[in-house]
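Undergrad: The structure's right below; bear with me while I get my questions together.
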Amino acid sequence: MTTFAGDIDEKVATMSNEEQKFEEASIEKRFEGKSVPTWQKQITVRAILVSLLLSVLFTFIVMKLNLTTGIVPSLNVSAGLLGFFFVKTWTRLLAKSGFVTQPFTRQENTVIQTCVVASSSIAFSGGFGSYLFAMSPTIAKQLPDDNNGGMDVKNLSLGWMIAFLFVVSFLGLFSVVPLRKIMIVDFRLTYPTGTATAHLINSFHTRQGVKLAKKQVHALGKFLSFSFLWGVFQWFFTAGDACGFSSFPTFGLEAYQRMFYFDFSATYVGVGMICPHIINVSMLIGGILSWGVMWPFIEDKKGDWYSANLKQSSLHGLQGYKLFIAIAMILGDGLYKFVKVLGRTLYGLYNQFITKDCSVPSDDPNRLLPPTISFDDKRRTEMFLKDQIPSWFAIAGYVTIAIISTVIIPYIFHQLKWYHIVCIYIIAPALAFCNAYGCGLTDMSLASTYGKLAIFTIGAWAGAANGGVLAGLAACGVMMNIVSTASDLMQDFKTGYMTLASPKSMFVSQVIGTTMGCIISPCVFWLFYTAFHTLGESGSAYPAPYALFYRNIAILGVEGISALPKNCLVLCCWFFVGAIIINFVRDLAGNKYAKFIPVPMAMAIPFYIGSNFAIDMCVGSLILFVWQKIDRVKADAFGIAVASGLICGDGIWSLPSSFLALGGVQPPICMKFLSRATNAKVDAFLMES
């Protein structure tokens, strides 16, 4: 999967000490006696079936994370590990039944991982927690000042969502295929997540790696069961609003009112174990700064800075400060990273083409190899260049899909005109290249930043009178899908390069996974949408905060700063500049000290939705930190497995809980917490009645 967060697109790759030691020796010499299957044999029926099963599971997980906080950790390692477990179990059962099965290779393992991640990534890039859901009446009605509702609202429907994803999700795959040799072989870009995933898959298929993988799967299964059963147990106490362990006032009722409490979420404890410590601490700092300091201060200005008679949801009141200050920090952080990655991209290209006099590569493998190339790189380059994907095929595919989508998208969104789409498709390949190249250097995908750029440009171009808000959101979806898929594919090419998986099998598995995702993700979202009637509402179990963020960004792009309440613009400017300065200081400090400086994007998330999930993540971070102090080797080897189990178990429970909600089955108990005075009043009322 591509994203670490809805807008924090930094990826997390974890390797155990044993796996790192394994990688120090020549990898390919360990596999020298094993033949590499043809690309057709790397894509097996069992691989597709296992991918389908895992795609459904991971889509539920990503969708739940999307609709709660928008923080989505990298699940590449979990996909590779679970793919290994399922196919190994499959082959073992068939062997015991007397059936002869094809050996399970690391190439097939890579195909499964690629397919699963491609499929579940659609749950993020499809905009179900951001731009797409932002078009709905559910989000629009939370903004009383959003008066152009008729032109800027679209009722959600499973049919048009699937159609939209099918016409925009494949373009990114074709946009960068001709550049795969330049990126992977010539420029030798790192792609840290793809590299780490390849290391893990390679280690799974060695004798000592198999033993470690079995132990990791056992740990994952144990904590998955615990997480699932904990979700079942919690459900019995949630018969009403603000009921159950998720509303437990851990630090007192006053802190609870300020959204500062531990809500016993196994999912976010697991996410906290995966995310870097500084990300978790940054969100906690952001929660304390906003809900502990800023919002009480601004509340005291009621009647001065804003009218005391406004609705709680009005953007001209406290809600506007919460939302727009968070957006200012997100935009400041995104702008800095965009300039930084673009600068590094241009500098890298300058070094490649000018300093090193690097011309466009030929098909001769020896021409591409430096004189001191290792045995591993020589072997990998030969295999990587063996199965070619013709450039004419990629160009023809891009042009064909672009023409089809240019015709279809205006029928889905009549506010987005054909010439808007043509302009996007003309510049998209260049932006996809920049995103893929920058991702190879920094492991950051700026898909959401490019999406916001499309919101501002297309929204302003269309104009408020012509549905500019919806046009901007739809343009965001088109752009975001292209650039996100492009960087994902290049990450997978890197993984395939290091596991000797054919580029053709990588491309085909991406196509299969994307096809699955275009169907699975809308269906899973529709299940959430129909089962939970408060979906998208502030304070609900699934508030989808980024949907409101994206809609307000679109409104801001169309209407300008007139949408801001008093003094909000000044505060926004300070926080926008502050985000840039903090990022600059982090870069100046270097890796040694940057881990002690908070990340502005992470700080911004709790500004609107509160600190409860940040506390969950800090608990996960603390567990991992203590574990590493006690036994570093075991923590590094099994931390990712334990975290994945906590996330997956809670994610699996969301499926039966959705069906229970659809069936009208309500929990039997409401567990609430009241102050002494309120409890006395309730007791007195009950005595009287």
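Note on naming: chains are A, B, ... as they come in the structure tokens, residues start from 1 per chain, ligands start from 1 in the order shown.
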Compile a residue-level contact table for segment 517-616 of chain A against segment 239-249 of chain A at a cut-off of 12 Å, reporting for every qualifying residue the shortest atom pair and its distance in Å to one decimal, with only C-alpha atoms counted, rows ordered by chain and ascending number, as CSV.

TA:
```
residue,atom,partner,partner_atom,distance
A:Thr534,CA,A:Asp241,CA,10.4
A:Gly539,CA,A:Ala242,CA,8.9
A:Ser540,CA,A:Asp241,CA,8.1
A:Ala541,CA,A:Ser246,CA,9.0
A:Asn612,CA,A:Ser246,CA,9.1
A:Phe613,CA,A:Ser246,CA,10.1
A:Asp616,CA,A:Ser246,CA,10.8
```

Undergrad: May I have the residues within 8 Å of segment 151-158 of chain A as a list in words, using only C-alpha atoms and disregarding those fewer than 2 positions away in the same chain?

TA: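 Contacts, with the query itself left out: Phe133, Met135, Ser136, Pro137, Ala140, Asn148, Gly149, Trp160, Met161, Ile162, Gln415, Asn466, Gly467, Gly468, Val469, Leu470, Ala471, Pro522, Cys523 and Trp526 of chain A.
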
Undergrad: Can you write out the residues you just picked, keeping N, CA and C atoms, as a PDB file, in the first residue's frame?

TA:
```pdb
ATOM      1  N   PHE A 133     -16.155  11.309  -1.018  1.00  0.00           N
ATOM      2  CA  PHE A 133     -17.172  11.462   0.024  1.00  0.00           C
ATOM      3  C   PHE A 133     -17.488  12.935   0.263  1.00  0.00           C
ATOM      4  N   MET A 135     -18.119  15.070  -1.855  1.00  0.00           N
ATOM      5  CA  MET A 135     -19.161  15.508  -2.786  1.00  0.00           C
ATOM      6  C   MET A 135     -20.566  15.248  -2.256  1.00  0.00           C
ATOM      7  N   SER A 136     -20.694  14.409  -1.247  1.00  0.00           N
ATOM      8  CA  SER A 136     -22.000  13.915  -0.819  1.00  0.00           C
ATOM      9  C   SER A 136     -22.796  14.941  -0.028  1.00  0.00           C
ATOM     10  N   PRO A 137     -24.129  14.793   0.011  1.00  0.00           N
ATOM     11  CA  PRO A 137     -24.962  15.677   0.838  1.00  0.00           C
ATOM     12  C   PRO A 137     -24.628  15.549   2.322  1.00  0.00           C
ATOM     13  N   ALA A 140     -21.844  18.012   2.788  1.00  0.00           N
ATOM     14  CA  ALA A 140     -22.266  19.375   2.432  1.00  0.00           C
ATOM     15  C   ALA A 140     -23.213  19.972   3.469  1.00  0.00           C
ATOM     16  N   ASN A 148     -24.279  26.738  -2.451  1.00  0.00           N
ATOM     17  CA  ASN A 148     -24.447  26.325  -3.849  1.00  0.00           C
ATOM     18  C   ASN A 148     -24.606  24.809  -3.938  1.00  0.00           C
ATOM     19  N   GLY A 149     -25.390  24.278  -3.003  1.00  0.00           N
ATOM     20  CA  GLY A 149     -25.491  22.829  -2.853  1.00  0.00           C
ATOM     21  C   GLY A 149     -25.947  22.084  -4.087  1.00  0.00           C
ATOM     22  N   TRP A 160     -22.030   4.664 -10.262  1.00  0.00           N
ATOM     23  CA  TRP A 160     -21.128   5.681 -10.827  1.00  0.00           C
ATOM     24  C   TRP A 160     -19.774   5.685 -10.134  1.00  0.00           C
ATOM     25  N   MET A 161     -19.725   5.269  -8.851  1.00  0.00           N
ATOM     26  CA  MET A 161     -18.428   5.201  -8.175  1.00  0.00           C
ATOM     27  C   MET A 161     -17.533   4.140  -8.822  1.00  0.00           C
ATOM     28  N   ILE A 162     -18.111   2.977  -9.109  1.00  0.00           N
ATOM     29  CA  ILE A 162     -17.336   1.914  -9.769  1.00  0.00           C
ATOM     30  C   ILE A 162     -16.906   2.357 -11.165  1.00  0.00           C
ATOM     31  N   GLN A 415     -20.185  19.019 -14.149  1.00  0.00           N
ATOM     32  CA  GLN A 415     -19.452  20.252 -13.826  1.00  0.00           C
ATOM     33  C   GLN A 415     -18.016  20.203 -14.350  1.00  0.00           C
ATOM     34  N   ASN A 466     -20.564  27.658 -11.763  1.00  0.00           N
ATOM     35  CA  ASN A 466     -20.651  26.460 -12.602  1.00  0.00           C
ATOM     36  C   ASN A 466     -20.274  25.180 -11.857  1.00  0.00           C
ATOM     37  N   GLY A 467     -20.448  25.201 -10.546  1.00  0.00           N
ATOM     38  CA  GLY A 467     -20.143  24.007  -9.766  1.00  0.00           C
ATOM     39  C   GLY A 467     -18.658  23.768  -9.600  1.00  0.00           C
ATOM     40  N   GLY A 468     -17.912  24.836  -9.325  1.00  0.00           N
ATOM     41  CA  GLY A 468     -16.462  24.722  -9.217  1.00  0.00           C
ATOM     42  C   GLY A 468     -16.002  23.821  -8.090  1.00  0.00           C
ATOM     43  N   VAL A 469     -16.788  23.764  -6.998  1.00  0.00           N
ATOM     44  CA  VAL A 469     -16.407  22.918  -5.860  1.00  0.00           C
ATOM     45  C   VAL A 469     -16.393  21.454  -6.278  1.00  0.00           C
ATOM     46  N   LEU A 470     -17.477  21.014  -6.915  1.00  0.00           N
ATOM     47  CA  LEU A 470     -17.534  19.607  -7.324  1.00  0.00           C
ATOM     48  C   LEU A 470     -16.559  19.318  -8.458  1.00  0.00           C
ATOM     49  N   ALA A 471     -16.390  20.275  -9.368  1.00  0.00           N
ATOM     50  CA  ALA A 471     -15.430  20.095 -10.457  1.00  0.00           C
ATOM     51  C   ALA A 471     -14.017  19.926  -9.907  1.00  0.00           C
ATOM     52  N   PRO A 522     -15.482   0.225  -3.613  1.00  0.00           N
ATOM     53  CA  PRO A 522     -16.808   0.856  -3.561  1.00  0.00           C
ATOM     54  C   PRO A 522     -17.843   0.008  -2.815  1.00  0.00           C
ATOM     55  N   CYS A 523     -17.752  -1.322  -2.966  1.00  0.00           N
ATOM     56  CA  CYS A 523     -18.712  -2.200  -2.278  1.00  0.00           C
ATOM     57  C   CYS A 523     -18.519  -2.145  -0.766  1.00  0.00           C
ATOM     58  N   TRP A 526     -19.768   1.172   0.424  1.00  0.00           N
ATOM     59  CA  TRP A 526     -21.233   1.191   0.384  1.00  0.00           C
ATOM     60  C   TRP A 526     -21.816   0.439   1.581  1.00  0.00           C
TER      61      TRP A 526
END
```

Undergrad: Can you pull out the residues contacting Phe174 of chain A? Cut-off 9 Å, using only C-alpha atoms, and skip same-chain residues under 5 positions away; I want them as a list in words.

TA: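 Those residues are Phe393, Ala394, Ile395, Ala396, Gly397, Tyr398 and Ala486 of chain A.
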
Undergrad: Limited to N, CA, C and O atoms, could you put the picked residues into a file as a compact mmCIF listing (two decimals), in the first residue's frame?

TA:
```txt
# COMPACT_ATOMS: atom_id res chain seq x y z
N PHE A 393 2.83 -0.12 -26.53
CA PHE A 393 1.68 -0.67 -25.79
C PHE A 393 1.27 0.27 -24.66
O PHE A 393 0.08 0.53 -24.46
N ALA A 394 2.27 0.79 -23.93
CA ALA A 394 1.98 1.70 -22.83
C ALA A 394 1.36 3.01 -23.34
O ALA A 394 0.37 3.50 -22.77
N ILE A 395 1.94 3.56 -24.42
CA ILE A 395 1.42 4.82 -24.97
C ILE A 395 0.01 4.63 -25.52
O ILE A 395 -0.89 5.45 -25.27
N ALA A 396 -0.19 3.53 -26.26
CA ALA A 396 -1.52 3.25 -26.82
C ALA A 396 -2.55 3.04 -25.71
O ALA A 396 -3.69 3.51 -25.80
N GLY A 397 -2.13 2.35 -24.64
CA GLY A 397 -3.04 2.12 -23.51
C GLY A 397 -3.43 3.42 -22.83
O GLY A 397 -4.61 3.63 -22.51
N TYR A 398 -2.45 4.31 -22.63
CA TYR A 398 -2.73 5.58 -21.97
C TYR A 398 -3.68 6.43 -22.82
O TYR A 398 -4.67 6.97 -22.30
N ALA A 486 1.08 5.52 -10.32
CA ALA A 486 2.39 5.52 -10.97
C ALA A 486 3.51 5.22 -9.98
O ALA A 486 4.40 4.39 -10.25
```

Undergrad: Give me the residues within 12 Å of segment 583-587 of chain A as a list in words, counting only C-alpha atoms and dropping any in the same chain fewer than 4 places off.

TA: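 The filter keeps Ile278, Met329, Ile330, Gly332, Asp333, Gly334, Leu335, Tyr336, Lys337, Phe338, Val339, Lys340, Phe576, Val577, Gly578, Ala579, Asn591, Lys592, Tyr593, Ala594, Lys595, Phe596, Ile597, Pro598, Val599, Pro600, Met601 and Ala602 of chain A.
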
Undergrad: Could you check how far atom CA of Asp631 of chain A sits from atom CA of Met273 of chain A, in Å to one decimal?

TA: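 So the answer is 15.3 Å.
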
Undergrad: Could you give me, as a ChimeraX atom specification, the residues within 10 Å of Asp488 of chain A, counting only C-alpha atoms and dropping anything in the same chain fewer than 6 positions from it?

TA: /A:1-3,114,117-118,121,172-173,194,435-436,439,445,494,510

Undergrad: For those residues, write all heavy atoms to a file as a short mmCIF file (atom, residue, chain, number, x, y, z; two decimals), in the first residue's frame.

TA:
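Dumped to selection28.cif:
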```cif
data_model
loop_
_atom_site.label_atom_id
_atom_site.label_comp_id
_atom_site.auth_asym_id
_atom_site.auth_seq_id
_atom_site.Cartn_x
_atom_site.Cartn_y
_atom_site.Cartn_z
N MET A 1 0.82 -1.17 0.00
CA MET A 1 0.00 0.00 0.00
C MET A 1 0.86 1.22 0.00
O MET A 1 1.97 1.21 0.48
CB MET A 1 -0.87 0.01 1.21
CG MET A 1 -1.62 1.25 1.22
SD MET A 1 -3.24 1.12 0.99
CE MET A 1 -3.69 1.18 2.55
N THR A 2 0.28 2.27 -0.48
CA THR A 2 1.10 3.42 -0.79
C THR A 2 1.20 4.42 0.32
O THR A 2 2.11 5.23 0.28
CB THR A 2 0.50 4.12 -1.99
OG1 THR A 2 -0.77 4.60 -1.65
CG2 THR A 2 0.37 3.18 -3.12
N THR A 3 0.28 4.47 1.20
CA THR A 3 0.26 5.61 2.07
C THR A 3 0.46 5.25 3.51
O THR A 3 0.00 4.23 3.97
CB THR A 3 -1.05 6.35 1.98
OG1 THR A 3 -2.06 5.48 2.40
CG2 THR A 3 -1.31 6.81 0.60
N THR A 114 1.94 -7.60 -4.54
CA THR A 114 1.64 -6.51 -5.48
C THR A 114 0.15 -6.38 -5.73
O THR A 114 -0.41 -5.27 -5.71
CB THR A 114 2.38 -6.76 -6.82
OG1 THR A 114 3.79 -6.78 -6.58
CG2 THR A 114 2.05 -5.68 -7.83
N VAL A 117 -1.77 -5.09 -2.49
CA VAL A 117 -1.52 -3.67 -2.22
C VAL A 117 -2.18 -2.79 -3.29
O VAL A 117 -2.75 -1.74 -2.98
CB VAL A 117 -0.01 -3.40 -2.12
CG1 VAL A 117 0.27 -1.91 -2.03
CG2 VAL A 117 0.58 -4.11 -0.91
N ALA A 118 -2.11 -3.22 -4.55
CA ALA A 118 -2.77 -2.45 -5.62
C ALA A 118 -4.27 -2.36 -5.39
O ALA A 118 -4.89 -1.31 -5.60
CB ALA A 118 -2.47 -3.10 -6.98
N SER A 121 -5.09 -0.28 -2.13
CA SER A 121 -4.73 1.14 -2.29
C SER A 121 -5.88 1.96 -2.87
O SER A 121 -5.97 3.17 -2.64
CB SER A 121 -3.51 1.26 -3.20
OG SER A 121 -2.36 0.73 -2.58
N GLY A 172 -2.46 5.69 -14.54
CA GLY A 172 -1.14 5.79 -13.91
C GLY A 172 -0.24 4.62 -14.23
O GLY A 172 0.99 4.76 -14.29
N LEU A 173 -0.84 3.43 -14.44
CA LEU A 173 -0.05 2.25 -14.76
C LEU A 173 0.66 2.40 -16.10
O LEU A 173 1.81 1.99 -16.26
CB LEU A 173 -0.95 1.00 -14.80
CG LEU A 173 -1.70 0.64 -13.50
CD1 LEU A 173 -2.55 -0.59 -13.72
CD2 LEU A 173 -0.71 0.41 -12.37
N GLY A 194 9.69 -0.54 -1.33
CA GLY A 194 9.80 -1.67 -2.26
C GLY A 194 11.02 -2.53 -1.97
O GLY A 194 10.96 -3.76 -2.04
N ASN A 435 6.43 12.34 -9.34
CA ASN A 435 6.03 11.66 -8.11
C ASN A 435 6.75 10.33 -7.95
O ASN A 435 7.22 9.99 -6.86
CB ASN A 435 4.51 11.43 -8.11
CG ASN A 435 3.99 11.06 -6.74
OD1 ASN A 435 4.34 11.68 -5.73
ND2 ASN A 435 3.17 10.03 -6.67
N ALA A 436 6.86 9.57 -9.06
CA ALA A 436 7.54 8.28 -9.00
C ALA A 436 9.03 8.45 -8.72
O ALA A 436 9.63 7.69 -7.95
CB ALA A 436 7.33 7.52 -10.31
N CYS A 439 9.45 9.62 -5.12
CA CYS A 439 9.19 8.51 -4.21
C CYS A 439 10.40 7.58 -4.14
O CYS A 439 10.72 7.05 -3.08
CB CYS A 439 7.96 7.73 -4.71
SG CYS A 439 7.39 6.46 -3.59
N SER A 445 5.13 9.72 -1.28
CA SER A 445 4.26 9.98 -2.41
C SER A 445 3.48 11.26 -2.14
O SER A 445 2.89 11.41 -1.07
CB SER A 445 3.28 8.82 -2.63
OG SER A 445 2.31 9.16 -3.58
N LYS A 494 10.48 -2.20 -8.38
CA LYS A 494 11.69 -2.33 -7.57
C LYS A 494 11.67 -3.64 -6.77
O LYS A 494 12.67 -4.36 -6.70
CB LYS A 494 11.82 -1.14 -6.62
CG LYS A 494 13.08 -1.16 -5.76
CD LYS A 494 14.35 -0.97 -6.59
CE LYS A 494 15.58 -0.86 -5.73
NZ LYS A 494 16.79 -0.58 -6.52
N GLN A 510 -0.58 -5.84 -11.09
CA GLN A 510 -1.10 -4.51 -10.77
C GLN A 510 -2.45 -4.28 -11.43
O GLN A 510 -3.37 -3.73 -10.82
CB GLN A 510 -0.11 -3.43 -11.23
CG GLN A 510 0.90 -3.00 -10.18
CD GLN A 510 0.37 -1.92 -9.26
OE1 GLN A 510 -0.72 -1.40 -9.47
NE2 GLN A 510 1.12 -1.60 -8.23
#
```

Undergrad: If we count only C-alpha atoms and set the cut-off at 10 Å, which residues sit around Gly536 of chain A, ignoring sequence neighbours fewer than 5 positions away in its own chain? Please answer as a short mmCIF file (atom, residue, chain, number, x, y, z; two decimals) with N, CA, C and O atoms, in the first residue's frame.

TA:
```
data_model
loop_
_atom_site.label_atom_id
_atom_site.label_comp_id
_atom_site.auth_asym_id
_atom_site.auth_seq_id
_atom_site.Cartn_x
_atom_site.Cartn_y
_atom_site.Cartn_z
N LEU A 67 -12.02 6.24 7.26
CA LEU A 67 -13.25 6.88 7.71
C LEU A 67 -13.20 7.29 9.18
O LEU A 67 -14.14 7.92 9.67
N THR A 68 -12.12 6.94 9.88
CA THR A 68 -11.99 7.36 11.28
C THR A 68 -11.02 8.54 11.40
O THR A 68 -11.40 9.62 11.82
N GLY A 129 -12.68 8.40 1.79
CA GLY A 129 -12.59 9.18 3.03
C GLY A 129 -12.18 10.61 2.78
O GLY A 129 -11.92 11.36 3.71
N PHE A 133 -16.15 11.31 -1.02
CA PHE A 133 -17.17 11.46 0.02
C PHE A 133 -17.49 12.93 0.26
O PHE A 133 -18.60 13.29 0.68
N ALA A 134 -16.52 13.82 -0.02
CA ALA A 134 -16.73 15.26 0.15
C ALA A 134 -17.81 15.80 -0.78
O ALA A 134 -18.36 16.88 -0.54
N SER A 136 -20.69 14.41 -1.25
CA SER A 136 -22.00 13.91 -0.82
C SER A 136 -22.80 14.94 -0.03
O SER A 136 -22.23 15.85 0.59
N THR A 138 -24.14 14.38 2.75
CA THR A 138 -23.79 14.16 4.15
C THR A 138 -22.75 15.16 4.62
O THR A 138 -22.85 15.71 5.72
N ILE A 139 -21.75 15.41 3.79
CA ILE A 139 -20.69 16.36 4.15
C ILE A 139 -21.15 17.78 3.89
O ILE A 139 -20.90 18.69 4.70
N GLN A 142 -23.18 19.67 6.56
CA GLN A 142 -22.47 20.09 7.78
C GLN A 142 -21.92 21.50 7.65
O GLN A 142 -21.40 22.05 8.61
N TYR A 529 -21.49 2.79 4.38
CA TYR A 529 -22.38 3.93 4.15
C TYR A 529 -23.83 3.58 4.49
O TYR A 529 -24.57 4.41 5.04
N ALA A 541 -18.78 7.46 15.14
CA ALA A 541 -17.71 6.45 15.12
C ALA A 541 -16.86 6.57 13.86
O ALA A 541 -15.68 6.22 13.87
N TYR A 542 -17.46 7.07 12.78
CA TYR A 542 -16.74 7.23 11.50
C TYR A 542 -16.93 8.66 10.99
O TYR A 542 -17.76 8.92 10.11
N PRO A 543 -16.17 9.62 11.52
CA PRO A 543 -16.39 11.03 11.15
C PRO A 543 -15.83 11.42 9.79
O PRO A 543 -16.18 12.49 9.28
N ALA A 544 -14.95 10.59 9.19
CA ALA A 544 -14.34 10.90 7.88
C ALA A 544 -13.85 12.34 7.82
O ALA A 544 -14.31 13.13 6.99
N PRO A 545 -12.90 12.72 8.67
CA PRO A 545 -12.49 14.14 8.76
C PRO A 545 -11.94 14.70 7.47
O PRO A 545 -12.13 15.88 7.18
N TYR A 546 -11.24 13.89 6.68
CA TYR A 546 -10.63 14.42 5.47
C TYR A 546 -11.66 14.76 4.40
O TYR A 546 -11.39 15.58 3.52
N ALA A 547 -12.84 14.17 4.47
CA ALA A 547 -13.91 14.55 3.53
C ALA A 547 -14.28 16.02 3.75
O ALA A 547 -14.41 16.80 2.80
N LEU A 548 -14.41 16.40 5.02
CA LEU A 548 -14.73 17.80 5.33
C LEU A 548 -13.56 18.71 4.99
O LEU A 548 -13.75 19.83 4.50
#
```

Undergrad: Fewer than 4 positions away in the same chain doesn't count, so skip those; otherwise give me all residues within 7 Å of segment 642-651 of chain A, counting only C-alpha atoms, as a list in words.

TA: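 Skipping anything fewer than 4 positions along the chain leaves Phe60, Ile61, Ser78, Ala219, Leu220, Gly221, Phe223, Leu224, Ser225, Ser227, Phe228, Gly231, Ala266, Thr267, Gly270, Val271, Met273, Ile274 and Phe638 of chain A.
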
Undergrad: Nearest to Ala474 of chain A among A:Ala79, A:Leu416, A:Ile426, A:Glu537, with distances taken over only C-alpha atoms: which residue is it?

TA: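 Of A:Ala79, A:Leu416, A:Ile426, A:Glu537, the one nearest Ala474 of chain A, counting only C-alpha atoms, is A:Leu416.
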
Undergrad: Which residue, A:Ala614, A:Asp376, A:Phe84, A:Ala196, has the smallest gap to Ile71 of chain A when you use only C-alpha atoms?

TA: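 Selected residue with least distance to Ile71 of chain A: A:Ala614.
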
Undergrad: At what distance in Å, to one decimal, does atom CA of Leu473 of chain A lie from atom CA of Ser175 of chain A?

TA: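 A separation of 22.0 Å between them.
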